[in-house]
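To keep things clear, I will list the structure first and then write my remarks on it.
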Amino acid sequence: MGPAWVVREAADGDVAGVQAVYAHHVLHGLGSFELEPPPVEEMAERRRVIVERGLPYLVAVGSEGEVLGFAYAAPYRVRPAYRSTVEDSVYVAPAALRRGVGRALLDEVVRRCVAAGARQVVAVIGDSGNRGSVALHAAAGFREVGVLRAVGWKHGRWVDTVIMQRELGVRDGAAPSR
């Protein structure tokens with residue numbers, strides 16, 4: 001018997017669920033350095049921009065249509081030299097943690113990034129104590145490449161950022177395909 005969810009491209013009708021999952025993490029966690037949850041309209045615009053760039057924006061949806069988590073890849077930086085590098089983000093609803101939802105989302109984002117011609121995926125993980133996200137990325141083939149100490153102030157304390165990276169495809173030295 002398979003999981004009680006499916007991973008698919010996010011649709012307009014998923015945005016309210018995506019916003020609810022993200023709002024929880026903004027308000028209660030350190031995975032995002034935002035201090036106030038963006039409204040549904042802002043989340044819809046963020047999704048639109050990513051999809052128009054040809055990058056993945058996915059949801060894990062439960063058997064009743066509820067959003068259990070979401071993940072996407074966005075440009076790592078705006079300068080053209082970074083065009084083959086993306087940054088992933090993965091957020092899972094509290095009720096769906098430790099059920100494989102995050103791993104399924106991250107694996108599919110990576111697969112789609114390879115198909116889109118990306119060469120590197122960077123994870124910028126809020127809070128060096130975020131063992132779940134660090135372990136998720138390590139299990140998906142990312143390696144830790146650095147920690148930025150005390151770069152964010154949230155929930156009354158300084159917060160680190162863990163940087164992890166995964167190379168995609170072969171290391172053949174070829175010029176970027178995009």
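Each chain in the structure tokens gets a letter, A, B, ..., in the order shown, and its residues are numbered from 1; ligands are numbered from 1 in order too.
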
Polymer residues at most 7 Å from Val162 (chain A), only C-alpha atoms, same-chain spacing of 2 or more positions, as a list in words =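 Once the nearby chain positions are removed, what remains is Val124, Ile125, Gly126, Asp127, Ser128, Gly146, Val147, Leu148, Asp160 and Met164 of chain A.
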
task = Apply DSSP to the structure's backbone, then extract all residues of chain A labelled helix (DSSP H, G or I) and return them as number ranges by chain.
result = A: 12-28, 40-52, 80-82, 94-96, 101-115, 131-139

task = Excluding Arg157 (chain A) and any residue of its chain fewer than 5 positions from it, enumerate the residues within 12 Å of it, using only C-alpha atoms, and give them as an MDAnalysis selection string.
result = chainID A and resid 30 33 127 149:152

query = When distances are computed from only C-alpha atoms, which of A:Val114, A:Val86, A:Leu105, A:Glu34 shows the smallest separation from Ile50 (chain A)?
reply =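 Among A:Val114, A:Val86, A:Leu105, A:Glu34, it is A:Val86 that comes nearest to Ile50 (chain A).
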
task = Have a look at CA of Arg99 (chain A) and CA of Phe142 (chain A) and let me know their distance in Å, one decimal.
result =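 Between CA of Arg99 (chain A) and CA of Phe142 (chain A) the gap is 20.0 Å.
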
request  = Write out as a PyMOL selection string the residues lying within 7 Å of Val15 (chain A), counting only C-alpha atoms and excluding same-chain residues fewer than 4 positions away.
outcome  = chain A and resi 19+40+43-44

Could the residues in this selection be saved with C-alpha atoms as a PDB file, in the first residue's frame?
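Below is the file out.pdb, written as the result:
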```pdb
ATOM      1  CA  GLN A  19      -0.346  29.691   2.659  1.00  0.00           C
ATOM      2  CA  VAL A  40      -2.785  34.230  -0.014  1.00  0.00           C
ATOM      3  CA  MET A  43       1.764  33.431  -2.108  1.00  0.00           C
ATOM      4  CA  ALA A  44      -0.109  33.084  -5.417  1.00  0.00           C
TER       5      ALA A  44
END
```

request  = Pick out the residues sitting within 10 Å of Pro3 (chain A), and hand them over as a ChimeraX atom specification; count only C-alpha atoms, and ignore anything fewer than 2 positions along from it in its own chain.
outcome  = /A:1,5-6,62-63,99-101,104

Store the residues picked out above in a file with N, CA and C atoms, as a compact mmCIF listing (two decimals), in the first residue's frame.
```
# COMPACT_ATOMS: atom_id res chain seq x y z
N MET A 1 0.84 -1.17 0.00
CA MET A 1 0.00 0.00 0.00
C MET A 1 0.88 1.24 0.00
N TRP A 5 -0.97 10.16 0.18
CA TRP A 5 -0.90 11.46 -0.47
C TRP A 5 -0.32 11.30 -1.86
N VAL A 6 -0.46 12.34 -2.65
CA VAL A 6 0.19 12.39 -3.95
C VAL A 6 0.97 13.70 -4.04
N GLY A 62 -3.30 15.28 0.47
CA GLY A 62 -3.86 14.10 1.12
C GLY A 62 -5.09 13.58 0.40
N SER A 63 -5.60 12.49 0.89
CA SER A 63 -6.73 11.82 0.24
C SER A 63 -8.00 12.65 0.23
N ARG A 99 6.32 11.61 8.03
CA ARG A 99 5.55 10.60 7.28
C ARG A 99 6.10 10.42 5.87
N GLY A 100 7.23 11.07 5.56
CA GLY A 100 7.83 10.93 4.24
C GLY A 100 7.38 11.98 3.24
N VAL A 101 6.53 12.90 3.66
CA VAL A 101 6.01 13.93 2.76
C VAL A 101 7.14 14.85 2.29
N ALA A 104 9.44 13.05 -0.20
CA ALA A 104 8.80 12.88 -1.50
C ALA A 104 8.79 14.19 -2.27
```

message = Quick check for you: according to DSSP on this backbone, which residues of chain A are classed as strand (DSSP E or B)? Reply as an NGL selection string.
response = :A and (5-9 or 57-62 or 67-75 or 85-92 or 120-126 or 143-154 or 157-167)

request  = Just the residues within 9 Å of Pro94 (chain A), please, counting only C-alpha atoms, with nothing from its chain fewer than 2 positions along; format it as a PyMOL selection string.
outcome  = chain A and resi 21+24-25+68+92+96-97

Preceding selection exported with C-alpha atoms as a JSON list (two decimals), in the first residue's frame:
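Output saved as selection_6.json:
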```
[["chain", "number", "residue", "atom", "x", "y", "z"],
["A", 21, "VAL", "CA", 1.25, 25.56, 5.94],
["A", 24, "HIS", "CA", 2.42, 28.07, 10.62],
["A", 25, "HIS", "CA", 6.17, 27.91, 9.95],
["A", 68, "LEU", "CA", 0.14, 18.38, 3.51],
["A", 92, "VAL", "CA", 5.37, 20.33, 5.66],
["A", 96, "ALA", "CA", 2.21, 15.43, 8.23],
["A", 97, "LEU", "CA", 5.72, 15.57, 9.71]]
```

note = CA of Ala71 (chain A) to CA of Arg103 (chain A) measures 10.1 Å

query = If you measure from CA of Gly69 (chain A) to CA of Ala4 (chain A), what distance in Å do you get, rounded to one decimal?
reply =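 Computed distance, CA of Gly69 (chain A) to CA of Ala4 (chain A), equals 12.8 Å.
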
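The nearest approach to Arg48 (chain A) among the residues A:Ala16, A:Ala93, A:Leu106, A:Ala11, with only C-alpha atoms taken into account, belongs to A:Ala11.
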
inquiry  = Could you list, as JSON, numbers by chain, every residue within 9 Å of region 64-66 of chain A, counting only C-alpha atoms and ignoring same-chain residues fewer than 4 positions away?
reply    = {"A": [5, 14, 17, 60]}

Could you please take those selected residues and save C-alpha atoms as a PDB file, in the first residue's frame?
```pdb
ATOM      1  CA  TRP A   5      -0.899  11.463  -0.467  1.00  0.00           C
ATOM      2  CA  ASP A  14      -3.911  24.843  -3.604  1.00  0.00           C
ATOM      3  CA  GLY A  17      -3.515  25.464   1.755  1.00  0.00           C
ATOM      4  CA  ALA A  60       1.670  16.975  -1.450  1.00  0.00           C
TER       5      ALA A  60
END
```

Give me the region 91-114 of chain A side of the contact with region 166-169 of chain A, cut-off 12 Å, one line per residue showing its nearest atom pair and distance in Å at one decimal, counting only C-alpha atoms, sorted by chain and residue number, as JSON lines.
```
{"residue": "A:Leu106", "atom": "CA", "partner": "A:Arg166", "partner_atom": "CA", "distance": 11.8}
{"residue": "A:Asp107", "atom": "CA", "partner": "A:Arg166", "partner_atom": "CA", "distance": 11.8}
{"residue": "A:Val109", "atom": "CA", "partner": "A:Leu168", "partner_atom": "CA", "distance": 11.8}
{"residue": "A:Val110", "atom": "CA", "partner": "A:Leu168", "partner_atom": "CA", "distance": 8.2}
{"residue": "A:Arg111", "atom": "CA", "partner": "A:Leu168", "partner_atom": "CA", "distance": 9.1}
{"residue": "A:Arg112", "atom": "CA", "partner": "A:Leu168", "partner_atom": "CA", "distance": 10.8}
{"residue": "A:Cys113", "atom": "CA", "partner": "A:Leu168", "partner_atom": "CA", "distance": 8.2}
{"residue": "A:Val114", "atom": "CA", "partner": "A:Leu168", "partner_atom": "CA", "distance": 6.2}
```

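Here the question is which of A:Gly141, A:Glu108, A:Val7, A:Pro38 gets nearest to Ala20 (chain A) using only C-alpha atoms, and that residue is A:Pro38.
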